[in-house]
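File shown: input38.txt (compact mmCIF, C-alpha atoms).
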# COMPACT_ATOMS: atom_id res chain seq x y z
CA MET A 1 13.14 13.63 -22.88
CA THR A 2 10.35 15.82 -21.55
CA PRO A 3 7.97 14.57 -18.84
CA ALA A 4 5.20 14.37 -21.44
CA GLU A 5 7.37 12.26 -23.74
CA ILE A 6 8.30 9.94 -20.88
CA GLU A 7 4.66 9.58 -19.87
CA GLY A 8 3.67 8.76 -23.44
CA ALA A 9 6.44 6.18 -23.77
CA VAL A 10 5.49 4.42 -20.52
CA ALA A 11 1.81 4.37 -21.51
CA ALA A 12 2.62 3.00 -24.96
CA GLY A 13 4.72 0.24 -23.41
CA LEU A 14 2.19 -0.77 -20.76
CA PRO A 15 0.43 -3.55 -22.76
CA GLN A 16 3.79 -5.25 -23.35
CA ALA A 17 4.72 -4.80 -19.68
CA VAL A 18 1.48 -6.46 -18.61
CA GLU A 19 2.12 -9.44 -20.89
CA ASP A 20 5.69 -9.69 -19.60
CA LEU A 21 4.43 -9.71 -16.03
CA LYS A 22 1.95 -12.47 -16.82
CA ARG A 23 4.72 -14.61 -18.28
CA LEU A 24 6.82 -14.09 -15.16
CA VAL A 25 3.95 -14.89 -12.80
CA ALA A 26 3.28 -18.15 -14.66
CA ILE A 27 6.72 -19.39 -13.53
CA PRO A 28 6.43 -20.94 -10.01
CA SER A 29 9.80 -19.62 -8.86
CA VAL A 30 9.57 -20.69 -5.21
CA ALA A 31 13.14 -20.81 -3.87
CA PHE A 32 12.23 -22.56 -0.60
CA PRO A 33 13.73 -25.94 0.30
CA GLY A 34 11.65 -28.82 -1.01
CA HIS A 35 10.45 -26.95 -4.11
CA PRO A 36 11.85 -27.69 -7.59
CA GLU A 37 14.81 -25.59 -8.65
CA GLU A 38 14.11 -25.58 -12.39
CA PRO A 39 11.31 -22.95 -12.26
CA VAL A 40 13.52 -20.66 -10.19
CA ARG A 41 16.26 -20.88 -12.80
CA ALA A 42 13.66 -20.36 -15.53
CA ALA A 43 12.62 -17.13 -13.82
CA ALA A 44 16.25 -16.00 -13.76
CA ALA A 45 16.51 -16.65 -17.50
CA ALA A 46 13.26 -14.77 -18.15
CA THR A 47 14.50 -11.84 -16.07
CA GLU A 48 17.75 -11.76 -18.01
CA GLU A 49 15.79 -11.63 -21.27
CA LEU A 50 13.59 -8.79 -19.97
CA LEU A 51 16.58 -6.67 -18.96
CA ARG A 52 18.09 -7.12 -22.40
CA SER A 53 14.81 -5.95 -23.91
CA ALA A 54 15.05 -2.77 -21.83
CA GLY A 55 18.09 -1.59 -23.82
CA LEU A 56 20.78 -2.44 -21.27
CA PRO A 57 24.01 -3.31 -23.12
CA HIS A 58 25.51 -5.60 -20.46
CA VAL A 59 23.32 -8.30 -18.88
CA ARG A 60 24.39 -11.54 -17.25
CA GLN A 61 23.60 -14.04 -14.51
CA ILE A 62 26.02 -14.06 -11.60
CA PRO A 63 26.38 -17.09 -9.27
CA VAL A 64 25.61 -16.43 -5.61
CA GLU A 65 27.15 -18.94 -3.21
CA GLY A 66 24.53 -21.20 -1.62
CA SER A 67 21.71 -19.56 -3.55
CA PHE A 68 20.21 -19.02 -6.98
CA PRO A 69 21.90 -16.69 -9.46
CA ALA A 70 21.44 -12.94 -9.37
CA VAL A 71 20.69 -11.25 -12.67
CA TYR A 72 22.92 -8.22 -13.18
CA ALA A 73 22.82 -5.50 -15.82
CA GLU A 74 24.47 -2.15 -16.36
CA ALA A 75 24.77 0.81 -18.69
CA PRO A 76 27.52 3.42 -18.30
CA ALA A 77 26.70 6.88 -17.01
CA PRO A 78 26.78 9.85 -19.39
CA PRO A 79 29.60 12.29 -18.56
CA GLY A 80 28.98 13.93 -15.20
CA ALA A 81 25.78 11.99 -14.52
CA PRO A 82 25.16 9.87 -11.40
CA THR A 83 24.55 6.13 -11.32
CA VAL A 84 21.34 4.53 -10.06
CA LEU A 85 21.09 0.91 -8.86
CA LEU A 86 17.73 -0.82 -9.31
CA TYR A 87 16.81 -3.80 -7.11
CA ALA A 88 14.03 -6.40 -7.12
CA HIS A 89 13.75 -10.19 -6.74
CA TYR A 90 12.36 -12.90 -8.99
CA ASP A 91 11.60 -15.57 -6.38
CA VAL A 92 8.19 -15.80 -4.73
CA GLN A 93 6.47 -17.15 -1.65
CA PRO A 94 4.90 -20.64 -1.80
CA ALA A 95 1.28 -20.57 -2.96
CA GLY A 96 -0.10 -22.36 0.12
CA ASP A 97 -3.51 -24.01 0.05
CA PRO A 98 -4.86 -23.96 -3.54
CA ALA A 99 -8.42 -24.05 -2.21
CA LEU A 100 -8.00 -20.54 -0.80
CA TRP A 101 -7.23 -19.01 -4.20
CA ARG A 102 -10.06 -17.63 -6.33
CA THR A 103 -7.86 -18.10 -9.42
CA PRO A 104 -4.94 -20.55 -9.76
CA ALA A 105 -1.82 -19.17 -8.09
CA PHE A 106 0.46 -19.66 -11.10
CA GLU A 107 -2.07 -18.96 -13.86
CA PRO A 108 -2.00 -15.15 -14.03
CA THR A 109 -5.53 -13.86 -14.43
CA GLU A 110 -6.64 -10.31 -15.19
CA VAL A 111 -9.68 -9.31 -13.12
CA ASP A 112 -11.07 -5.80 -12.66
CA GLY A 113 -7.90 -4.03 -13.74
CA ALA A 114 -5.53 -6.20 -11.73
CA ILE A 115 -3.31 -9.19 -12.41
CA HIS A 116 -3.87 -11.99 -9.91
CA GLY A 117 -1.25 -14.64 -9.14
CA ARG A 118 1.58 -15.48 -6.78
CA GLY A 119 4.37 -12.95 -7.21
CA ALA A 120 2.29 -10.54 -9.31
CA ALA A 121 2.98 -7.89 -6.68
CA ASP A 122 5.84 -9.32 -4.58
CA ASP A 123 8.07 -8.88 -6.36
CA LYS A 124 7.69 -9.49 -10.06
CA SER A 125 5.93 -6.15 -10.30
CA GLY A 126 9.25 -4.68 -9.13
CA ILE A 127 11.08 -6.28 -12.05
CA ILE A 128 8.48 -5.05 -14.53
CA SER A 129 8.37 -1.52 -13.13
CA HIS A 130 12.14 -1.31 -13.68
CA VAL A 131 11.89 -2.76 -17.18
CA ALA A 132 8.97 -0.51 -18.18
CA ALA A 133 10.75 2.59 -16.87
CA LEU A 134 13.98 1.76 -18.70
CA ARG A 135 12.24 0.96 -21.99
CA ALA A 136 10.92 4.52 -22.11
CA PHE A 137 14.47 5.74 -22.85
CA ARG A 138 15.16 3.29 -25.72
CA GLY A 139 18.71 2.71 -24.53
CA ASP A 140 19.61 6.40 -24.14
CA PHE A 141 19.59 6.62 -20.35
CA PRO A 142 20.00 9.98 -18.55
CA VAL A 143 21.97 8.34 -15.72
CA GLY A 144 24.20 5.34 -15.30
CA ILE A 145 22.15 2.21 -14.64
CA LYS A 146 22.97 -0.87 -12.61
CA VAL A 147 20.39 -3.58 -11.94
CA ILE A 148 20.52 -6.47 -9.47
CA ILE A 149 17.62 -8.93 -9.36
CA GLU A 150 18.11 -11.68 -6.78
CA GLY A 151 16.65 -15.16 -6.68
CA GLN A 152 16.18 -16.05 -3.02
CA GLU A 153 14.93 -13.04 -1.09
CA GLU A 154 11.88 -14.75 0.37
CA TYR A 155 13.97 -17.50 1.96
CA ALA A 156 17.51 -16.93 3.27
CA GLY A 157 17.82 -13.51 1.61
CA GLU A 158 20.95 -12.81 3.63
CA ARG A 159 22.96 -14.82 1.11
CA LEU A 160 23.00 -11.88 -1.28
CA GLU A 161 24.30 -9.69 1.55
CA ALA A 162 27.60 -11.59 1.56
CA PHE A 163 27.80 -11.19 -2.22
CA VAL A 164 27.38 -7.41 -1.92
CA GLU A 165 30.04 -7.23 0.79
CA GLN A 166 32.47 -9.16 -1.42
CA ASN A 167 31.68 -7.19 -4.62
CA PRO A 168 31.02 -3.59 -3.55
CA GLU A 169 32.28 -1.96 -6.75
CA LEU A 170 29.87 -3.98 -8.85
CA LEU A 171 26.88 -2.36 -7.12
CA ARG A 172 28.26 1.03 -6.10
CA ALA A 173 25.82 3.80 -7.00
CA ASP A 174 24.75 7.31 -6.02
CA ALA A 175 21.12 6.33 -5.53
CA ILE A 176 19.42 2.95 -5.07
CA ILE A 177 15.79 2.14 -5.87
CA VAL A 178 14.42 -0.85 -3.99
CA ALA A 179 11.17 -1.86 -5.71
CA ASP A 180 9.97 -4.33 -3.09
CA CYS A 181 7.30 -2.35 -1.26
CA GLY A 182 4.44 0.01 -2.12
CA ASN A 183 1.66 2.34 -1.11
CA PRO A 184 -0.93 2.17 1.68
CA SER A 185 -3.65 2.08 -0.98
CA VAL A 186 -3.92 2.31 -4.77
CA GLY A 187 -3.16 5.84 -5.91
CA ASP A 188 -1.80 6.98 -2.53
CA PRO A 189 1.94 7.54 -3.21
CA ALA A 190 4.37 6.74 -0.44
CA VAL A 191 8.07 6.23 0.17
CA THR A 192 9.00 3.64 2.77
CA THR A 193 11.45 5.21 5.21
CA SER A 194 11.37 2.57 7.98
CA LEU A 195 11.68 -1.21 7.80
CA ARG A 196 11.49 -3.62 10.68
CA GLY A 197 14.11 -6.32 10.74
CA MET A 198 13.23 -9.96 11.27
CA GLY A 199 14.32 -13.19 12.81
CA ALA A 200 12.86 -16.66 12.41
CA PHE A 201 13.50 -20.09 13.85
CA THR A 202 11.95 -23.53 14.26
CA VAL A 203 11.26 -24.76 17.79
CA GLU A 204 10.76 -28.48 18.41
CA VAL A 205 9.38 -30.01 21.62
CA ARG A 206 9.90 -33.71 22.48
CA THR A 207 8.35 -35.59 25.39
CA LEU A 208 8.14 -39.29 24.50
CA LYS A 209 10.06 -41.88 22.54
CA GLU A 210 6.96 -42.26 20.35
CA SER A 211 3.32 -41.20 20.37
CA LEU A 212 0.97 -43.16 22.62
CA HIS A 213 -2.69 -44.17 22.69
CA SER A 214 -4.53 -41.31 24.42
CA GLY A 215 -7.01 -43.69 26.06
CA SER A 216 -4.31 -45.78 27.69
CA PHE A 217 -1.78 -43.03 28.49
CA GLY A 218 -3.62 -39.69 28.31
CA GLY A 219 -3.80 -37.86 31.62
CA ALA A 220 -0.31 -38.84 32.73
CA ALA A 221 1.90 -38.98 29.63
CA PRO A 222 3.23 -35.49 28.71
CA ASP A 223 1.82 -34.31 25.38
CA ALA A 224 4.40 -32.47 23.24
CA LEU A 225 1.73 -30.53 21.41
CA ALA A 226 0.09 -29.35 24.62
CA ALA A 227 3.50 -28.24 25.92
CA LEU A 228 4.27 -26.35 22.73
CA ILE A 229 0.87 -24.63 22.77
CA ARG A 230 1.48 -23.46 26.35
CA MET A 231 4.90 -22.12 25.39
CA LEU A 232 3.67 -20.23 22.34
CA ALA A 233 0.65 -18.82 24.16
CA GLY A 234 2.97 -17.47 26.84
CA LEU A 235 4.66 -15.12 24.37
CA HIS A 236 1.77 -12.62 24.62
CA ASP A 237 -0.38 -11.29 27.45
CA ASP A 238 -4.18 -11.09 27.37
CA HIS A 239 -4.05 -7.80 25.43
CA GLY A 240 -1.72 -9.21 22.79
CA ASP A 241 1.37 -7.33 23.99
CA ILE A 242 4.65 -9.26 24.04
CA ARG A 243 5.68 -10.71 27.38
CA VAL A 244 9.32 -11.40 26.46
CA PRO A 245 11.60 -9.22 28.64
CA GLY A 246 13.73 -6.67 26.81
CA LEU A 247 11.39 -6.13 23.86
CA PRO A 248 9.68 -2.79 24.59
CA ARG A 249 7.15 -1.04 22.37
CA GLY A 250 8.65 1.56 20.01
CA SER A 251 7.39 4.86 18.60
CA PHE A 252 6.90 5.86 14.94
CA LEU A 253 7.07 9.60 14.30
CA GLY A 254 4.91 9.65 11.17
CA SER A 255 1.21 8.95 10.80
CA GLY A 256 -0.28 5.51 10.39
CA PRO A 257 -3.66 4.13 9.35
CA SER A 258 -6.82 4.67 11.35
CA GLU A 259 -8.31 1.65 13.09
CA GLU A 260 -11.16 1.64 10.58
CA GLU A 261 -8.75 1.67 7.63
CA PHE A 262 -6.62 -1.05 9.15
CA ARG A 263 -9.57 -3.30 10.00
CA ALA A 264 -10.90 -2.98 6.45
CA THR A 265 -7.52 -3.64 4.81
CA ALA A 266 -6.68 -6.55 7.11
CA GLY A 267 -10.17 -8.05 6.89
CA VAL A 268 -10.61 -8.22 10.66
CA LEU A 269 -13.97 -9.80 11.44
CA ASP A 270 -16.70 -7.77 13.13
CA GLY A 271 -16.48 -8.10 16.90
CA VAL A 272 -12.85 -9.27 16.86
CA SER A 273 -10.48 -6.89 18.64
CA LEU A 274 -7.10 -5.73 17.42
CA VAL A 275 -4.18 -6.83 19.58
CA GLY A 276 -1.47 -4.90 21.36
CA SER A 277 -1.38 -1.35 22.66
CA GLY A 278 -0.08 2.01 21.44
CA SER A 279 -0.82 3.63 18.09
CA LEU A 280 -1.18 1.43 15.02
CA ALA A 281 1.91 3.06 13.49
CA ASP A 282 3.85 2.13 16.64
CA ARG A 283 2.62 -1.45 16.56
CA LEU A 284 3.10 -2.01 12.84
CA TRP A 285 6.34 -0.20 12.10
CA ALA A 286 8.29 0.53 15.28
CA SER A 287 7.63 -2.33 17.70
CA TYR A 288 8.40 -6.01 18.05
CA ALA A 289 5.89 -8.57 16.80
CA ILE A 290 5.93 -12.34 17.19
CA THR A 291 3.95 -14.62 14.88
CA VAL A 292 3.66 -18.39 14.71
CA THR A 293 3.84 -18.96 10.96
CA GLY A 294 3.75 -22.75 10.85
CA LEU A 295 2.94 -25.77 13.00
CA ASP A 296 3.88 -29.42 12.45
CA VAL A 297 1.17 -31.50 14.12
CA PRO A 298 -1.37 -34.03 12.90
CA THR A 299 -4.04 -32.46 10.72
CA VAL A 300 -7.68 -32.52 11.83
CA SER A 301 -8.58 -34.80 8.93
CA GLY A 302 -5.71 -37.13 9.81
CA ALA A 303 -6.10 -37.00 13.59
CA ILE A 304 -5.76 -40.16 15.65
CA ASN A 305 -6.33 -40.69 19.36
CA ALA A 306 -2.74 -40.24 20.46
CA VAL A 307 -0.60 -38.29 22.90
CA GLN A 308 1.97 -36.59 20.68
CA ALA A 309 5.66 -37.33 21.16
CA VAL A 310 6.91 -34.35 19.14
CA ALA A 311 5.57 -31.02 17.89
CA ARG A 312 7.25 -28.23 15.92
CA ALA A 313 6.50 -24.60 15.20
CA ARG A 314 8.00 -21.94 12.97
CA VAL A 315 8.22 -18.60 14.79
CA THR A 316 8.90 -15.24 13.13
CA VAL A 317 9.88 -12.11 15.05
CA ARG A 318 9.67 -8.60 13.57
CA VAL A 319 12.31 -6.26 14.98
CA PRO A 320 12.22 -2.41 15.11
CA PRO A 321 14.73 -0.68 12.80
CA ALA A 322 17.17 0.04 15.63
CA GLY A 323 16.85 -3.42 17.19
CA ASP A 324 19.30 -6.28 16.79
CA PRO A 325 17.70 -9.39 15.22
CA LYS A 326 20.09 -11.89 16.83
CA THR A 327 19.67 -10.45 20.33
CA THR A 328 15.92 -10.40 19.81
CA VAL A 329 15.70 -14.00 18.64
CA ASP A 330 17.94 -15.11 21.51
CA ALA A 331 15.58 -13.38 23.96
CA VAL A 332 12.53 -15.11 22.47
CA VAL A 333 14.22 -18.51 22.46
CA ASP A 334 15.39 -18.06 26.07
CA PHE A 335 11.85 -17.13 27.08
CA LEU A 336 10.39 -20.22 25.40
CA ARG A 337 12.90 -22.43 27.21
CA GLN A 338 12.02 -20.77 30.53
CA VAL A 339 8.26 -21.28 30.14
CA ALA A 340 8.54 -24.83 28.77
CA PRO A 341 6.53 -27.07 31.14
CA TRP A 342 7.24 -30.52 32.55
CA GLY A 343 10.96 -30.55 31.72
CA VAL A 344 10.29 -31.18 28.02
CA GLU A 345 13.16 -31.26 25.56
CA VAL A 346 13.37 -28.04 23.50
CA HIS A 347 15.42 -27.91 20.30
CA VAL A 348 15.80 -24.77 18.17
CA THR A 349 17.08 -24.85 14.58
CA ASP A 350 16.97 -23.13 11.18
CA TYR A 351 17.67 -19.54 12.20
CA VAL A 352 17.15 -16.72 9.68
CA LEU A 353 18.05 -13.10 10.50
CA GLY A 354 17.58 -9.77 8.73
CA SER A 355 18.28 -6.21 9.91
CA GLY A 356 15.91 -3.25 9.78
CA TYR A 357 16.35 0.18 8.23
CA LEU A 358 15.60 3.83 8.98
CA ALA A 359 16.01 6.34 6.13
CA ASP A 360 16.96 9.98 5.82
CA SER A 361 14.17 11.78 3.93
CA GLY A 362 16.41 14.53 2.50
CA GLY A 363 18.89 14.91 -0.35
CA ALA A 364 18.79 15.53 -4.10
CA ALA A 365 17.63 12.02 -4.95
CA ARG A 366 14.66 12.16 -2.58
CA ALA A 367 13.73 15.63 -3.86
CA ALA A 368 13.80 14.32 -7.43
CA LEU A 369 11.66 11.33 -6.43
CA ASN A 370 9.13 13.60 -4.72
CA ARG A 371 8.72 15.60 -7.94
CA ALA A 372 8.50 12.44 -10.06
CA MET A 373 5.88 10.80 -7.84
CA GLU A 374 3.81 13.98 -7.65
CA HIS A 375 3.70 14.06 -11.45
CA ALA A 376 2.85 10.36 -11.73
CA PHE A 377 0.26 10.21 -8.95
CA GLY A 378 -1.06 13.76 -8.90
CA ARG A 379 0.08 14.40 -5.34
CA PRO A 380 3.36 14.26 -3.42
CA PRO A 381 4.35 11.08 -1.58
CA ARG A 382 4.29 10.68 2.18
CA ASP A 383 6.65 8.77 4.42
CA VAL A 384 5.43 5.41 5.71
CA GLY A 385 6.93 2.47 7.56
CA ALA A 386 6.79 -1.19 6.67
CA GLY A 387 6.44 -4.06 9.04
CA GLY A 388 8.33 -6.44 6.79
CA SER A 389 12.05 -6.66 6.23
CA ILE A 390 14.24 -6.55 3.12
CA PRO A 391 17.51 -8.19 4.16
CA LEU A 392 19.61 -6.50 1.51
CA VAL A 393 18.77 -2.92 2.51
CA SER A 394 20.81 -2.77 5.71
CA THR A 395 23.83 -4.17 3.84
CA LEU A 396 23.47 -1.51 1.15
CA VAL A 397 23.38 1.16 3.86
CA LYS A 398 26.61 -0.16 5.40
CA GLN A 399 28.42 -0.59 2.10
CA PHE A 400 27.29 2.68 0.48
CA PRO A 401 26.65 5.19 3.28
CA ALA A 402 26.67 8.14 0.87
CA ALA A 403 24.03 6.64 -1.43
CA SER A 404 20.36 7.64 -1.23
CA ILE A 405 18.19 4.55 -0.78
CA LEU A 406 14.62 4.95 -2.05
CA LEU A 407 11.97 2.32 -1.33
CA PHE A 408 8.78 2.43 -3.37
CA GLY A 409 6.89 0.11 -5.68
CA ALA A 410 3.64 -1.06 -7.24
CA GLU A 411 2.41 -3.10 -4.28
CA ASP A 412 -0.33 -1.80 -1.96
CA ASP A 413 -1.74 -2.95 1.35
CA ASP A 414 -4.61 -4.76 -0.40
CA ALA A 415 -2.29 -6.70 -2.70
CA SER A 416 -2.39 -9.83 -0.47
CA ILE A 417 1.34 -10.45 -0.70
CA HIS A 418 2.39 -13.67 1.11
CA ALA A 419 -1.31 -14.64 1.13
CA PRO A 420 -3.85 -16.26 -1.19
CA ASN A 421 -5.21 -14.12 -4.06
CA GLU A 422 -2.18 -11.89 -4.45
CA ARG A 423 -2.67 -9.22 -7.11
CA VAL A 424 -1.19 -6.04 -8.53
CA ASN A 425 -3.24 -3.15 -9.86
CA ILE A 426 -2.28 -2.43 -13.47
CA GLU A 427 -2.76 1.33 -13.16
CA GLU A 428 -0.56 1.31 -10.06
CA LEU A 429 2.08 -0.53 -12.06
CA ARG A 430 1.90 2.17 -14.75
CA ARG A 431 2.18 5.01 -12.24
CA THR A 432 5.12 3.33 -10.49
CA ALA A 433 7.01 2.78 -13.76
CA LEU A 434 6.28 6.36 -14.76
CA ALA A 435 7.50 7.68 -11.40
CA GLU A 436 10.73 5.71 -11.77
CA ALA A 437 11.35 6.90 -15.33
CA LEU A 438 10.65 10.52 -14.35
CA PHE A 439 12.98 10.14 -11.37
CA LEU A 440 15.83 8.93 -13.58
CA GLN A 441 15.37 11.97 -15.83
CA GLU A 442 14.97 14.40 -12.92
CA TYR A 443 17.92 13.05 -10.97
CA GLY A 444 20.19 13.06 -13.99
CA SER A 445 19.25 16.64 -14.83
CA ALA A 446 19.57 17.86 -11.25
CA THR A 447 23.08 16.50 -10.70
CA VAL A 448 24.79 17.04 -14.07
Could the structure of this file be written out as structure tokens, please?
Amino acid sequence: MTPAEIEGAVAAGLPQAVEDLKRLVAIPSVAFPGHPEEPVRAAAAATEELLRSAGLPHVRQIPVEGSFPAVYAEAPAPPGAPTVLLYAHYDVQPAGDPALWRTPAFEPTEVDGAIHGRGAADDKSGIISHVAALRAFRGDFPVGIKVIIEGQEEYAGERLEAFVEQNPELLRADAIIVADCGNPSVGDPAVTTSLRGMGAFTVEVRTLKESLHSGSFGGAAPDALAALIRMLAGLHDDHGDIRVPGLPRGSFLGSGPSEEEFRATAGVLDGVSLVGSGSLADRLWASYAITVTGLDVPTVSGAINAVQAVARARVTVRVPPAGDPKTTVDAVVDFLRQVAPWGVEVHVTDYVLGSGYLADSGGAARAALNRAMEHAFGRPPRDVGAGGSIPLVSTLVKQFPAASILLFGAEDDDASIHAPNERVNIEELRRTALAEALFLQEYGSATV
């Protein structure tokens, strides 16, 4: 197919792709503990159906131990052509507080050229960009195709890593597209070449056998919540830099956003300072970051006059690509134990770890992607980092060291992933699907 024919096919298929994305977003496939499993399995079934509709001859669900099934598909390579593995995930983050959403989280709504809803960007847009790109070829693919769509990336994504290690031949490929990231802004093409790793844990502080009346015991009885607040506050200095020993600031060689761009994208309020030191690229993509992502304490509306006996927090640590997540988490936990006041009991549970990634920007696959993205977006892509982690990527690097791993997708920094009012821009979805389809054609032609 010519580039013009591919572009026409992707454009013609866009209305169907949009409807398919809406149907996926309407499924609340939250794979976190405490959420119903049936919607997650429904999303797996819907994903299987979509891959069949893309002309792939072999599609099936594969059990993953301790997790939800992965959806796998493949089509054999033409003689002499390479094989490309396509990755995305069908599970989503919890919606959070419904009051913070302008439209219902699981009722996909089209507003101003974008589809709003949980998972519209992260990462159901990744599934649809793969499907829309593949449909352009009507089953006559220029390269071998393998697809793996997992069902629990947002929580305990490392479970698929073990599956990959045990089944390397199933996923072996010459190039791998990971559609779980995106561009700094709509229409600004980028390839993610650096990912921070991550670690997370729950820290619990106990001080009393049970909570006590604050009027009768306050002032002498140790408050678990006050102790936990002191511990968490001690993780950063007054400038917002991390105080944990052994976690130095890193350096990112590429360019990052300006402070004005970052403040606008992040919605930082006027008069509120950014935290940390060094360039924004250093802070966002090459340095450690510690965030308290959850707190178990009485709510304001349910507050009672009591000294708390127990308090819990969920802590997430972002780790530079070359850093070790386990060593990092151990350092943070040791620091919290050291700064814990009053001899309180400290218990740490529910560890999650994921490694980072640093890419090589060369090779035939990257050259083909550069040409494809320049055609689709009207300008060549630039290299960017990502502060988040994709647990599977480091495993793919270890298992397939000769493969080119390419990270790009339809998300953008304004997509509000992991936050209320998530959305994906429809034109960005079209350009991403077009870039992927053009890449498959370019890569197949360049290597045959």
Problem - Å distance separating CA of Thr47 in chain A from CA of Glu74 in chain A, one decimal place - result: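 Calculated distance between CA of Thr47 in chain A and CA of Glu74 in chain A is 13.9 Å.
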Practice task
List the neighbours of Arg172 in chain A out to 10 Å using all atoms listed in the file; skip same-chain residues closer than 5 positions along the sequence, and give me the result as a list in words.
Solution key: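 Residues meeting the cut-off are Thr83, Val84, Leu85, Lys146, Val164, Asn167, Leu396, Gln399, Phe400 and Ala403 of chain A.
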Compile the contact shell of range 279-290 of chain A as a CSV table (one decimal) with C-alpha atoms, in the coordinates of the input: residues with an atom at most 8 Å away, counting only C-alpha atoms, same-chain residues fewer than 5 positions apart removed.
chain,number,residue,atom,x,y,z
A,194,SER,CA,11.4,2.6,8.0
A,195,LEU,CA,11.7,-1.2,7.8
A,196,ARG,CA,11.5,-3.6,10.7
A,235,LEU,CA,4.7,-15.1,24.4
A,242,ILE,CA,4.6,-9.3,24.0
A,247,LEU,CA,11.4,-6.1,23.9
A,248,PRO,CA,9.7,-2.8,24.6
A,249,ARG,CA,7.2,-1.0,22.4
A,250,GLY,CA,8.6,1.6,20.0
A,251,SER,CA,7.4,4.9,18.6
A,252,PHE,CA,6.9,5.9,14.9
A,254,GLY,CA,4.9,9.6,11.2
A,255,SER,CA,1.2,9.0,10.8
A,256,GLY,CA,-0.3,5.5,10.4
A,257,PRO,CA,-3.7,4.1,9.4
A,258,SER,CA,-6.8,4.7,11.4
A,259,GLU,CA,-8.3,1.6,13.1
A,315,VAL,CA,8.2,-18.6,14.8
A,316,THR,CA,8.9,-15.2,13.1
A,317,VAL,CA,9.9,-12.1,15.0
A,318,ARG,CA,9.7,-8.6,13.6
A,319,VAL,CA,12.3,-6.3,15.0
A,320,PRO,CA,12.2,-2.4,15.1
A,321,PRO,CA,14.7,-0.7,12.8
A,385,GLY,CA,6.9,2.5,7.6
A,386,ALA,CA,6.8,-1.2,6.7
A,387,GLY,CA,6.4,-4.1,9.0
Problem - Given all atoms listed in the file as the counted atoms, nearest of A:Ala221, A:Ala313, A:Val275, A:Ala42 to Gly240 in chain A - result: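 Result for the nearest residue to Gly240 in chain A: A:Val275.
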Handout entry: Distance query Asn425 in chain A at most 7 Å, only C-alpha atoms, self and fewer than 3 positions along chain excluded, as a PyMOL selection string
Key = chain A and resi 113-115+428-429
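Atom pair CA of Ser29 in chain A / CA of Asp91 in chain A has a distance of 5.1 Å (rounded to one decimal).
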Practice task
Find the spatial neighbours of Leu369 in chain A, counting all atoms listed in the file, within a cut-off of 9 Å - ignore same-chain residues fewer than 2 positions away - and output them as number ranges by chain.
Solution key: A: 364-367, 371-374, 381, 406, 435-436, 438-440, 442-443
Problem - CA of Ala419 in chain A to CA of Pro36 in chain A, distance in Å rounded to a single decimal - result: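 CA of Pro36 in chain A lies at a distance of 20.5 Å from CA of Ala419 in chain A.
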Please list as an mmCIF file with C-alpha atoms, keeping the file's coordinate frame every residue within 10 Å of Asp296 in chain A, counting all atoms listed in the file and excluding residues in the same chain fewer than 4 positions away.
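Contents of out-v6.cif, as written:
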data_model
loop_
_atom_site.group_PDB
_atom_site.id
_atom_site.type_symbol
_atom_site.label_atom_id
_atom_site.label_comp_id
_atom_site.auth_asym_id
_atom_site.auth_seq_id
_atom_site.Cartn_x
_atom_site.Cartn_y
_atom_site.Cartn_z
ATOM 1 C CA GLU A 204 10.760 -28.480 18.410
ATOM 2 C CA LEU A 225 1.730 -30.530 21.410
ATOM 3 C CA VAL A 310 6.910 -34.350 19.140
ATOM 4 C CA ALA A 311 5.570 -31.020 17.890
ATOM 5 C CA ARG A 312 7.250 -28.230 15.920
ATOM 6 C CA ALA A 313 6.500 -24.600 15.200
ATOM 7 C CA ARG A 314 8.000 -21.940 12.970
#
Problem - Pick from A:Val111, A:Gly13, A:Arg138, A:Glu150, whichever lies nearest to Ala73 in chain A using all atoms listed in the file - result: A:Glu150
Exercise for the section: Tell me which of A:Leu50, A:Ile176, A:Ala359, A:Val143 sits closest to Pro79 in chain A, counting all atoms listed in the file. Expected result: A:Val143
Fill in the blank from the handout: Val59 in chain A proximity check over A:Asn421, A:Ala44, A:Pro189, A:Glu261, using only C-alpha atoms: winner is A:Ala44
Exercise for the section: Show me as a PyMOL selection string the residues that reach within 12 Å of (-5.4, 1.0, -11.2), counting only C-alpha atoms and using the file's own coordinates. Expected result: chain A and resi 111-115+185-188+377+410-412+415+423-432
Could you take the residues named above and write them with C-alpha atoms, as a compact mmCIF listing (two decimals), in the coordinates of the input?
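After the write, result-v7.txt holds the following:
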# COMPACT_ATOMS: atom_id res chain seq x y z
CA VAL A 111 -9.68 -9.31 -13.12
CA ASP A 112 -11.07 -5.80 -12.66
CA GLY A 113 -7.90 -4.03 -13.74
CA ALA A 114 -5.53 -6.20 -11.73
CA ILE A 115 -3.31 -9.19 -12.41
CA SER A 185 -3.65 2.08 -0.98
CA VAL A 186 -3.92 2.31 -4.77
CA GLY A 187 -3.16 5.84 -5.91
CA ASP A 188 -1.80 6.98 -2.53
CA PHE A 377 0.26 10.21 -8.95
CA ALA A 410 3.64 -1.06 -7.24
CA GLU A 411 2.41 -3.10 -4.28
CA ASP A 412 -0.33 -1.80 -1.96
CA ALA A 415 -2.29 -6.70 -2.70
CA ARG A 423 -2.67 -9.22 -7.11
CA VAL A 424 -1.19 -6.04 -8.53
CA ASN A 425 -3.24 -3.15 -9.86
CA ILE A 426 -2.28 -2.43 -13.47
CA GLU A 427 -2.76 1.33 -13.16
CA GLU A 428 -0.56 1.31 -10.06
CA LEU A 429 2.08 -0.53 -12.06
CA ARG A 430 1.90 2.17 -14.75
CA ARG A 431 2.18 5.01 -12.24
CA THR A 432 5.12 3.33 -10.49
